[in-house]
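What follows is upload-v2.cif (mmCIF, C-alpha atoms).
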data_protein
#
loop_
_atom_site.label_atom_id
_atom_site.label_comp_id
_atom_site.auth_asym_id
_atom_site.auth_seq_id
_atom_site.Cartn_x
_atom_site.Cartn_y
_atom_site.Cartn_z
CA MET L 27 -119.76 -122.77 -112.08
CA THR L 28 -122.20 -125.18 -110.55
CA GLY L 29 -125.94 -125.25 -111.06
CA SER L 30 -126.68 -123.85 -107.62
CA ALA L 31 -124.29 -120.97 -108.25
CA ILE L 32 -126.15 -120.13 -111.47
CA LEU L 33 -129.42 -120.36 -109.54
CA PHE L 34 -128.02 -118.03 -106.86
CA TYR L 35 -127.00 -115.37 -109.33
CA ALA L 36 -130.30 -115.63 -111.22
CA LEU L 37 -132.22 -115.25 -107.95
CA GLY L 38 -130.03 -112.31 -106.98
CA ALA L 39 -130.80 -110.64 -110.29
CA VAL L 40 -134.54 -111.25 -109.82
CA ILE L 41 -134.52 -109.92 -106.24
CA LEU L 42 -132.51 -106.82 -107.03
CA SER L 43 -134.38 -105.91 -110.21
CA ALA L 44 -137.81 -106.49 -108.65
CA THR L 45 -136.87 -104.42 -105.60
CA GLY L 46 -135.41 -101.67 -107.74
CA PHE L 47 -138.56 -101.69 -109.86
CA ALA L 48 -140.68 -101.53 -106.71
CA ILE L 49 -139.04 -98.51 -105.12
CA THR L 50 -139.26 -96.39 -108.27
CA ARG L 51 -142.96 -96.84 -109.03
CA ARG L 52 -145.31 -93.93 -108.53
CA ASN L 53 -148.28 -96.30 -108.49
CA MET L 54 -148.05 -98.09 -105.17
CA VAL L 55 -150.05 -101.15 -106.20
CA HIS L 56 -147.43 -101.82 -108.86
CA ALA L 57 -144.74 -101.39 -106.23
CA VAL L 58 -146.34 -103.92 -103.90
CA VAL L 59 -146.88 -106.52 -106.62
CA SER L 60 -143.29 -106.14 -107.76
CA LEU L 61 -142.15 -106.51 -104.17
CA ILE L 62 -144.10 -109.77 -103.88
CA ILE L 63 -141.98 -111.11 -106.75
CA SER L 64 -138.87 -110.02 -104.89
CA PHE L 65 -140.00 -111.83 -101.72
CA LEU L 66 -140.84 -114.99 -103.66
CA GLY L 67 -137.32 -114.88 -105.07
CA THR L 68 -135.99 -114.50 -101.53
CA ALA L 69 -138.00 -117.54 -100.49
CA VAL L 70 -136.37 -119.67 -103.19
CA LEU L 71 -133.01 -118.25 -102.13
CA PHE L 72 -133.67 -119.34 -98.54
CA SER L 73 -134.46 -122.83 -99.67
CA LEU L 74 -131.25 -122.83 -101.72
CA LEU L 75 -129.30 -121.71 -98.66
CA GLY L 76 -130.67 -124.62 -96.65
CA ALA L 77 -133.66 -123.15 -94.85
CA PRO L 78 -136.82 -124.67 -96.34
CA PHE L 79 -138.91 -123.82 -93.29
CA LEU L 80 -137.93 -120.17 -93.50
CA ALA L 81 -138.67 -120.25 -97.22
CA ILE L 82 -142.24 -121.31 -96.50
CA LEU L 83 -142.51 -118.68 -93.76
CA GLU L 84 -141.22 -116.03 -96.15
CA VAL L 85 -143.98 -116.86 -98.60
CA VAL L 86 -146.67 -117.01 -95.92
CA ILE L 87 -145.69 -114.01 -93.80
CA TYR L 88 -143.90 -111.61 -96.12
CA ALA L 89 -145.38 -112.28 -99.56
CA GLY L 90 -148.71 -113.27 -98.09
CA ALA L 91 -149.67 -111.42 -94.94
CA ILE L 92 -147.56 -108.27 -94.93
CA MET L 93 -147.91 -107.42 -98.60
CA VAL L 94 -151.66 -108.10 -98.55
CA LEU L 95 -151.88 -105.75 -95.55
CA PHE L 96 -150.10 -103.10 -97.62
CA LEU L 97 -152.52 -103.70 -100.48
CA PHE L 98 -155.50 -103.36 -98.13
CA VAL L 99 -154.27 -100.06 -96.75
CA ILE L 100 -153.42 -98.68 -100.19
CA MET L 101 -156.84 -99.57 -101.49
CA MET L 102 -158.61 -98.30 -98.37
CA LEU L 103 -156.86 -94.92 -98.18
CA ARG L 104 -156.56 -94.37 -101.94
CA PRO L 105 -153.51 -92.15 -101.54
CA GLU L 106 -153.51 -89.42 -104.12
CA GLN L 107 -150.39 -88.92 -106.14
CA SER L 108 -148.51 -86.09 -104.53
CA SER L 109 -149.26 -82.96 -106.51
CA VAL L 110 -146.24 -81.13 -105.12
CA ARG L 111 -143.07 -81.95 -106.97
CA HIS L 112 -140.25 -81.75 -104.52
CA SER L 113 -136.95 -80.49 -105.72
CA PHE L 114 -134.48 -83.09 -106.84
CA LEU L 115 -131.83 -82.44 -104.25
CA ARG L 116 -134.11 -82.68 -101.21
CA GLY L 117 -134.67 -86.36 -101.70
CA TRP L 118 -131.68 -87.45 -103.66
CA GLY L 119 -128.99 -85.54 -101.76
CA PRO L 120 -128.98 -87.82 -98.70
CA GLY L 121 -129.61 -90.78 -101.00
CA LEU L 122 -126.44 -90.12 -102.95
CA LEU L 123 -124.52 -89.55 -99.71
CA VAL L 124 -125.61 -92.95 -98.42
CA ALA L 125 -124.79 -94.47 -101.80
CA GLY L 126 -121.21 -93.25 -101.49
CA ALA L 127 -120.80 -94.65 -97.97
CA PHE L 128 -122.38 -97.91 -99.06
CA LEU L 129 -120.07 -98.31 -102.05
CA VAL L 130 -117.02 -97.76 -99.86
CA SER L 131 -118.10 -100.36 -97.32
CA LEU L 132 -119.12 -102.83 -100.03
CA THR L 133 -115.70 -102.52 -101.65
CA LEU L 134 -114.09 -103.08 -98.24
CA ILE L 135 -116.14 -106.27 -97.71
CA PHE L 136 -115.37 -107.53 -101.15
CA PHE L 137 -111.65 -106.94 -101.14
CA ARG L 138 -110.85 -107.90 -97.58
CA GLY L 139 -111.13 -111.51 -98.69
CA HIS L 140 -111.58 -112.67 -95.14
CA LEU L 141 -115.16 -113.83 -95.65
CA SER L 142 -114.59 -115.20 -99.12
CA SER L 143 -112.10 -117.91 -98.33
CA ASN L 144 -114.14 -120.99 -99.24
CA PRO L 145 -117.50 -121.51 -100.93
CA LEU L 146 -120.62 -122.37 -98.99
CA GLU L 147 -121.48 -126.04 -98.89
CA ILE L 148 -125.02 -127.22 -99.41
CA ALA L 149 -126.66 -128.23 -96.14
CA THR L 150 -130.34 -128.34 -95.29
CA VAL L 151 -132.03 -127.95 -91.93
CA MET L 152 -135.18 -130.01 -91.68
CA PRO L 153 -138.16 -128.26 -90.07
CA ALA L 154 -138.37 -130.89 -87.30
CA VAL L 155 -134.78 -130.21 -86.20
CA PHE L 156 -135.39 -126.51 -86.51
CA GLY L 157 -138.48 -126.58 -84.33
CA ARG L 158 -136.86 -128.74 -81.70
CA ILE L 159 -133.90 -126.40 -81.31
CA VAL L 160 -136.16 -123.33 -81.29
CA PHE L 161 -138.18 -124.67 -78.39
CA GLN L 162 -135.23 -126.18 -76.53
CA LYS L 163 -132.76 -123.33 -76.66
CA HIS L 164 -134.84 -120.28 -77.43
CA TRP L 165 -138.19 -120.82 -75.74
CA LEU L 166 -137.90 -117.53 -73.84
CA ALA L 167 -137.48 -115.60 -77.07
CA VAL L 168 -140.56 -117.34 -78.47
CA GLU L 169 -142.53 -116.15 -75.46
CA ILE L 170 -141.21 -112.62 -75.86
CA ILE L 171 -142.14 -112.59 -79.55
CA SER L 172 -145.64 -113.81 -78.74
CA PHE L 173 -145.96 -111.03 -76.17
CA LEU L 174 -144.70 -108.52 -78.73
CA LEU L 175 -147.34 -109.66 -81.20
CA LEU L 176 -150.00 -109.32 -78.50
CA VAL L 177 -148.86 -105.77 -77.72
CA ALA L 178 -148.87 -104.93 -81.43
CA LEU L 179 -152.38 -106.31 -81.74
CA VAL L 180 -153.64 -104.23 -78.83
CA ALA L 181 -151.90 -101.13 -80.18
CA ALA L 182 -153.32 -101.61 -83.65
CA ILE L 183 -156.84 -102.04 -82.31
CA GLN L 184 -156.52 -99.01 -80.04
CA LEU L 185 -155.10 -96.83 -82.82
CA GLY L 186 -157.66 -98.04 -85.32
CA ARG L 187 -160.65 -97.29 -83.12
CA GLY L 188 -160.38 -93.57 -83.59
CA LYS L 189 -161.68 -90.89 -81.27
CA GLU L 190 -164.98 -91.45 -79.56
CA ASP L 191 -167.41 -88.61 -79.99
CA GLU L 192 -169.70 -87.12 -77.35
CA LYS L 193 -172.37 -89.76 -77.65
CA GLY L 194 -169.81 -92.38 -76.96
CA GLU L 195 -170.02 -93.93 -80.41
CA ASP L 196 -166.97 -94.86 -82.34
CA THR L 197 -166.33 -92.71 -85.35
CA VAL L 198 -164.67 -95.23 -87.54
CA MET Z 2 -120.88 -125.75 -103.32
CA ILE Z 3 -122.97 -122.66 -103.92
CA VAL Z 4 -121.04 -119.39 -103.91
CA LEU Z 5 -118.70 -117.49 -101.68
CA TYR Z 6 -120.25 -116.04 -98.55
CA GLY Z 7 -119.07 -112.60 -99.65
CA HIS Z 8 -121.45 -112.75 -102.60
CA VAL Z 9 -124.39 -113.44 -100.30
CA LEU Z 10 -123.31 -110.46 -98.20
CA VAL Z 11 -123.08 -108.28 -101.28
CA LEU Z 12 -126.58 -109.32 -102.36
CA ALA Z 13 -127.94 -108.59 -98.88
CA GLY Z 14 -126.09 -105.28 -98.78
CA MET Z 15 -127.46 -104.16 -102.14
CA THR Z 16 -131.01 -105.09 -101.13
CA PHE Z 17 -130.56 -103.23 -97.84
CA PHE Z 18 -129.27 -100.25 -99.77
CA LEU Z 19 -132.33 -100.25 -102.04
CA GLY Z 20 -134.57 -100.17 -98.97
CA LEU Z 21 -132.55 -97.31 -97.50
CA VAL Z 22 -132.84 -95.33 -100.73
CA CYS Z 23 -136.59 -96.00 -100.69
CA ILE Z 24 -136.84 -94.48 -97.21
CA LEU Z 25 -134.64 -91.49 -97.96
CA VAL Z 26 -135.98 -90.57 -101.37
CA ARG Z 27 -139.67 -91.37 -101.36
CA ARG Z 28 -142.00 -88.91 -99.66
CA ASN Z 29 -144.93 -91.27 -99.18
CA LEU Z 30 -145.39 -92.87 -95.77
CA ILE Z 31 -146.49 -96.20 -97.26
CA MET Z 32 -143.31 -96.31 -99.32
CA THR Z 33 -141.32 -95.59 -96.16
CA LEU Z 34 -142.81 -98.67 -94.48
CA ILE Z 35 -142.11 -100.71 -97.62
CA GLY Z 36 -138.49 -99.57 -97.37
CA VAL Z 37 -138.29 -100.85 -93.81
CA GLU Z 38 -139.63 -104.22 -94.95
CA ILE Z 39 -137.03 -104.40 -97.73
CA MET Z 40 -134.25 -103.68 -95.24
CA MET Z 41 -135.49 -106.34 -92.81
CA ASN Z 42 -135.60 -108.82 -95.66
CA ALA Z 43 -132.01 -107.98 -96.55
CA GLY Z 44 -130.98 -108.65 -92.96
CA ALA Z 45 -132.71 -112.01 -93.14
CA ILE Z 46 -130.74 -112.95 -96.26
CA ALA Z 47 -127.46 -112.11 -94.52
CA PHE Z 48 -128.45 -114.14 -91.44
CA VAL Z 49 -129.41 -117.24 -93.43
CA GLY Z 50 -126.18 -117.07 -95.41
CA ALA Z 51 -124.11 -116.71 -92.24
CA SER Z 52 -125.98 -119.62 -90.69
CA LEU Z 53 -124.98 -121.77 -93.65
CA LYS Z 54 -121.37 -120.62 -93.62
CA TRP Z 55 -120.64 -121.38 -89.98
CA HIS Z 56 -123.15 -124.25 -89.68
CA VAL Z 57 -124.80 -122.64 -86.69
CA LEU Z 58 -128.56 -122.85 -86.56
CA ASP Z 59 -128.98 -119.69 -84.50
CA GLY Z 60 -128.89 -117.51 -87.59
CA GLN Z 61 -131.98 -119.18 -89.02
CA ILE Z 62 -133.71 -119.01 -85.64
CA PHE Z 63 -132.99 -115.30 -85.51
CA VAL Z 64 -134.68 -114.92 -88.89
CA LEU Z 65 -137.75 -116.60 -87.42
CA PHE Z 66 -137.89 -113.91 -84.73
CA LEU Z 67 -137.19 -111.28 -87.36
CA PHE Z 68 -140.36 -112.35 -89.16
CA GLY Z 69 -142.30 -111.95 -85.93
CA VAL Z 70 -140.89 -108.46 -85.39
CA ALA Z 71 -141.63 -107.53 -89.00
CA ALA Z 72 -145.24 -108.62 -88.68
CA ALA Z 73 -145.71 -106.67 -85.43
CA GLU Z 74 -143.99 -103.63 -86.89
CA VAL Z 75 -146.10 -103.54 -90.02
CA ALA Z 76 -149.31 -103.95 -88.03
CA VAL Z 77 -148.52 -101.01 -85.75
CA GLY Z 78 -147.13 -99.00 -88.68
CA MET Z 79 -150.28 -99.48 -90.70
CA ALA Z 80 -152.49 -98.51 -87.76
CA LEU Z 81 -150.41 -95.35 -87.23
CA LEU Z 82 -150.62 -94.58 -90.92
CA VAL Z 83 -154.40 -94.91 -91.02
CA THR Z 84 -154.64 -92.66 -87.94
CA ALA Z 85 -152.35 -90.07 -89.52
CA HIS Z 86 -154.33 -90.14 -92.74
CA ARG Z 87 -157.54 -89.66 -90.79
CA GLN Z 88 -156.18 -86.62 -88.97
CA ALA Z 89 -154.27 -84.84 -91.70
CA ASP Z 90 -155.91 -86.28 -94.84
CA SER Z 91 -152.52 -86.77 -96.38
CA LEU Z 92 -149.82 -89.40 -96.59
CA ASP Z 93 -147.03 -87.04 -97.58
CA SER Z 94 -144.26 -87.09 -95.00
CA GLU Z 95 -143.80 -83.33 -95.45
CA THR Z 96 -147.25 -82.79 -93.94
CA PHE Z 97 -146.27 -84.10 -90.55
CA ASN Z 98 -143.88 -81.38 -89.40
CA LEU Z 99 -145.57 -80.07 -86.27
CA LEU Z 100 -142.65 -81.03 -84.07
CA LYS Z 101 -140.16 -79.49 -86.43
CA TRP Z 102 -138.49 -76.44 -84.99
#
Represent the structure of the file as structure tokens.
Amino acid sequence: MTGSAILFYALGAVILSATGFAITRRNMVHAVVSLIISFLGTAVLFSLLGAPFLAILEVVIYAGAIMVLFLFVIMMLRPEQSSVRHSFLRGWGPGLLVAGAFLVSLTLIFFRGHLSSNPLEIATVMPAVFGRIVFQKHWLAVEIISFLLLVALVAAIQLGRGKEDEKGEDTV
Amino acid sequence: MIVLYGHVLVLAGMTFFLGLVCILVRRNLIMTLIGVEIMMNAGAIAFVGASLKWHVLDGQIFVLFLFGVAAAEVAVGMALLVTAHRQADSLDSETFNLLKW
């Protein structure tokens, strides 16, 4: 087993345990902080799989921007812990159903052997090459994404303004 | 040599599954959005691994666009969530059942 294989399995363990820890917390701040660890592990995994630019973006966008946005909203709304205890089966029934389907498909992937013929070789894409191909081959998609972000920005502002009252002042 | 591509797929699948469980089991709307983020991240892992296996750069480029979609989605999701909390004073998904028959 090579060093990068050991690194891969260690990162996989970190990602899975941090994510599993995150989705079981009742305190949401703990969940978000644990998820940041999971995303940092994913960033290192990206750089191991030959995408250093995406690794940086993962840290900046996911672990930085998105998780900080979650933290802001959690701290702004101060969501109370739900006082109603739902019955076990309401939540976990569909969860267990999906778990069964997932295990079947995972076993199929693993034992088909088609995708596991030869190990991945180490190859790295430099950010300069990456950027050149993005803007040569996929410039239209870049424009569409920028338009999507603009629409999301307008929607977020419009939703966040709240209803205007009779005097025409924002009730924010 | 790193590992077999199947192992990357299994890792991405298990992460995706954790996000799905988070959506199905948790009753809090913030945790639902967190589940969506986990699932998108799992998709990104699978794409980067596939890009390395077939030596095609398009997988990594798709992940770049995935990040853009994730950022837009979380911005709109958070704005919706703040609006819902302002109207119903609750973040429990059971509260929002007006359209339920």
### Query
So how many Å separate CA of Leu95 in chain L and CA of Leu82 in chain Z, to one decimal?
12.2 Å
Could you give me, as a Markdown table, every chain L residue with an atom at most 7 Å from chain Z, plus its closest atom pair and distance in Å to one decimal, counting all atoms listed in the file, rows ordered by chain then number?
| residue | atom | partner | partner_atom | distance |
| --- | --- | --- | --- | --- |
| L:Ser30 | CA | Z:Ile3 | CA | 5.4 |
| L:Ala31 | CA | Z:Ile3 | CA | 4.8 |
| L:Gly38 | CA | Z:Leu12 | CA | 6.5 |
| L:Leu42 | CA | Z:Thr16 | CA | 6.3 |
| L:Gly46 | CA | Z:Leu19 | CA | 6.6 |
| L:Ile49 | CA | Z:Cys23 | CA | 5.7 |
| L:Phe72 | CA | Z:Val49 | CA | 7.0 |
| L:Leu75 | CA | Z:Gly50 | CA | 6.5 |
| L:Ile92 | CA | Z:Ala72 | CA | 6.7 |
| L:Pro105 | CA | Z:Leu92 | CA | 6.8 |
| L:Gly117 | CA | Z:Val26 | CA | 4.4 |
| L:Trp118 | CA | Z:Val26 | CA | 5.8 |
| L:Pro120 | CA | Z:Leu25 | CA | 6.8 |
| L:Gly121 | CA | Z:Val22 | CA | 5.6 |
| L:Leu132 | CA | Z:Val11 | CA | 6.9 |
| L:Phe136 | CA | Z:Gly7 | CA | 6.5 |
| L:Leu141 | CA | Z:Gly7 | CA | 5.7 |
| L:Ser142 | CA | Z:Gly7 | CA | 5.2 |
| L:Asn144 | CA | Z:Leu5 | CA | 6.2 |
| L:Pro145 | CA | Z:Leu5 | CA | 4.3 |
| L:Leu146 | CA | Z:Ile3 | CA | 5.5 |
| L:Glu147 | CA | Z:Met2 | CA | 4.5 |
| L:Ile148 | CA | Z:Met2 | CA | 5.9 |
| L:Val160 | CA | Z:Ile62 | CA | 6.6 |
| L:Ile171 | CA | Z:Gly69 | CA | 6.4 |
| L:Leu175 | CA | Z:Ala73 | CA | 5.4 |
| L:Ala178 | CA | Z:Ala73 | CA | 5.4 |
| L:Ala181 | CA | Z:Val77 | CA | 6.5 |
| L:Ala182 | CA | Z:Ala80 | CA | 5.2 |
| L:Leu185 | CA | Z:Ala80 | CA | 5.8 |
| L:Gly186 | CA | Z:Ala80 | CA | 5.7 |
For those residues, write C-alpha atoms to a file as an mmCIF file, keeping the file's coordinate frame.
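Final output, again_25.cif:
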data_model
loop_
_atom_site.group_PDB
_atom_site.id
_atom_site.type_symbol
_atom_site.label_atom_id
_atom_site.label_comp_id
_atom_site.auth_asym_id
_atom_site.auth_seq_id
_atom_site.Cartn_x
_atom_site.Cartn_y
_atom_site.Cartn_z
ATOM 1 C CA SER L 30 -126.680 -123.850 -107.620
ATOM 2 C CA ALA L 31 -124.290 -120.970 -108.250
ATOM 3 C CA GLY L 38 -130.030 -112.310 -106.980
ATOM 4 C CA LEU L 42 -132.510 -106.820 -107.030
ATOM 5 C CA GLY L 46 -135.410 -101.670 -107.740
ATOM 6 C CA ILE L 49 -139.040 -98.510 -105.120
ATOM 7 C CA PHE L 72 -133.670 -119.340 -98.540
ATOM 8 C CA LEU L 75 -129.300 -121.710 -98.660
ATOM 9 C CA ILE L 92 -147.560 -108.270 -94.930
ATOM 10 C CA PRO L 105 -153.510 -92.150 -101.540
ATOM 11 C CA GLY L 117 -134.670 -86.360 -101.700
ATOM 12 C CA TRP L 118 -131.680 -87.450 -103.660
ATOM 13 C CA PRO L 120 -128.980 -87.820 -98.700
ATOM 14 C CA GLY L 121 -129.610 -90.780 -101.000
ATOM 15 C CA LEU L 132 -119.120 -102.830 -100.030
ATOM 16 C CA PHE L 136 -115.370 -107.530 -101.150
ATOM 17 C CA LEU L 141 -115.160 -113.830 -95.650
ATOM 18 C CA SER L 142 -114.590 -115.200 -99.120
ATOM 19 C CA ASN L 144 -114.140 -120.990 -99.240
ATOM 20 C CA PRO L 145 -117.500 -121.510 -100.930
ATOM 21 C CA LEU L 146 -120.620 -122.370 -98.990
ATOM 22 C CA GLU L 147 -121.480 -126.040 -98.890
ATOM 23 C CA ILE L 148 -125.020 -127.220 -99.410
ATOM 24 C CA VAL L 160 -136.160 -123.330 -81.290
ATOM 25 C CA ILE L 171 -142.140 -112.590 -79.550
ATOM 26 C CA LEU L 175 -147.340 -109.660 -81.200
ATOM 27 C CA ALA L 178 -148.870 -104.930 -81.430
ATOM 28 C CA ALA L 181 -151.900 -101.130 -80.180
ATOM 29 C CA ALA L 182 -153.320 -101.610 -83.650
ATOM 30 C CA LEU L 185 -155.100 -96.830 -82.820
ATOM 31 C CA GLY L 186 -157.660 -98.040 -85.320
#
### Message
the PyMOL selection byres ((chain L and resi 44) around 8) - which residues does that actually catch in the file I just gave you? List them as a list of chain:residue names.
### Response
L:Val40, L:Ile41, L:Leu42, L:Ser43, L:Thr45, L:Gly46, L:Phe47, L:Ala48, L:Ser60, L:Leu61, L:Ile63, L:Ser64
### Message
Using Å and a single decimal, report how far CA of Ala89 in chain L sits from CA of Ile62 in chain L.
### Response
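For CA of Ile62 in chain L relative to CA of Ala89 in chain L, the distance reads 5.2 Å.
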### Message
Would you compute the distance between CA of Leu83 in chain L and CA of Thr150 in chain L? Give it in Å to one decimal.
### Response
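Between CA of Leu83 in chain L and CA of Thr150 in chain L the gap works out to 15.6 Å.
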Selecting C-alpha atoms, how would range 141-182 of chain L from this structure be written as a PDB file, in the first residue's frame?
ATOM      1  CA  LEU L 141     -14.683   0.315 -12.455  1.00  0.00           C
ATOM      2  CA  SER L 142     -12.005  -1.250 -10.305  1.00  0.00           C
ATOM      3  CA  SER L 143      -9.770  -2.629 -12.996  1.00  0.00           C
ATOM      4  CA  ASN L 144      -6.653  -0.513 -12.451  1.00  0.00           C
ATOM      5  CA  PRO L 145      -5.607   1.974  -9.773  1.00  0.00           C
ATOM      6  CA  LEU L 146      -5.723   5.703 -10.337  1.00  0.00           C
ATOM      7  CA  GLU L 147      -2.436   7.264 -11.355  1.00  0.00           C
ATOM      8  CA  ILE L 148      -1.272  10.495  -9.807  1.00  0.00           C
ATOM      9  CA  ALA L 149      -1.739  13.435 -12.160  1.00  0.00           C
ATOM     10  CA  THR L 150      -2.109  17.096 -11.320  1.00  0.00           C
ATOM     11  CA  VAL L 151      -3.886  19.823 -13.240  1.00  0.00           C
ATOM     12  CA  MET L 152      -2.219  23.184 -12.812  1.00  0.00           C
ATOM     13  CA  PRO L 153      -4.572  26.120 -12.240  1.00  0.00           C
ATOM     14  CA  ALA L 154      -3.313  27.912 -15.375  1.00  0.00           C
ATOM     15  CA  VAL L 155      -4.248  24.961 -17.598  1.00  0.00           C
ATOM     16  CA  PHE L 156      -7.528  24.628 -15.772  1.00  0.00           C
ATOM     17  CA  GLY L 157      -8.453  28.266 -16.269  1.00  0.00           C
ATOM     18  CA  ARG L 158      -7.494  28.249 -19.920  1.00  0.00           C
ATOM     19  CA  ILE L 159      -9.695  25.254 -20.691  1.00  0.00           C
ATOM     20  CA  VAL L 160     -12.580  26.676 -18.646  1.00  0.00           C
ATOM     21  CA  PHE L 161     -12.608  29.873 -20.650  1.00  0.00           C
ATOM     22  CA  GLN L 162     -11.883  28.241 -24.006  1.00  0.00           C
ATOM     23  CA  LYS L 163     -14.344  25.375 -23.954  1.00  0.00           C
ATOM     24  CA  HIS L 164     -16.891  26.339 -21.338  1.00  0.00           C
ATOM     25  CA  TRP L 165     -17.204  30.112 -21.485  1.00  0.00           C
ATOM     26  CA  LEU L 166     -20.964  29.907 -22.024  1.00  0.00           C
ATOM     27  CA  ALA L 167     -21.399  27.897 -18.836  1.00  0.00           C
ATOM     28  CA  VAL L 168     -19.346  30.490 -16.963  1.00  0.00           C
ATOM     29  CA  GLU L 169     -21.726  33.174 -18.190  1.00  0.00           C
ATOM     30  CA  ILE L 170     -24.741  31.111 -17.182  1.00  0.00           C
ATOM     31  CA  ILE L 171     -23.300  30.533 -13.701  1.00  0.00           C
ATOM     32  CA  SER L 172     -22.630  34.243 -13.297  1.00  0.00           C
ATOM     33  CA  PHE L 173     -26.225  34.949 -14.306  1.00  0.00           C
ATOM     34  CA  LEU L 174     -27.435  32.314 -11.839  1.00  0.00           C
ATOM     35  CA  LEU L 175     -25.478  33.988  -9.058  1.00  0.00           C
ATOM     36  CA  LEU L 176     -26.974  37.342 -10.027  1.00  0.00           C
ATOM     37  CA  VAL L 177     -30.495  35.887  -9.907  1.00  0.00           C
ATOM     38  CA  ALA L 178     -29.758  34.306  -6.533  1.00  0.00           C
ATOM     39  CA  LEU L 179     -28.487  37.631  -5.243  1.00  0.00           C
ATOM     40  CA  VAL L 180     -31.621  39.461  -6.375  1.00  0.00           C
ATOM     41  CA  ALA L 181     -33.837  36.739  -4.921  1.00  0.00           C
ATOM     42  CA  ALA L 182     -32.030  36.793  -1.588  1.00  0.00           C
TER      43      ALA L 182
END
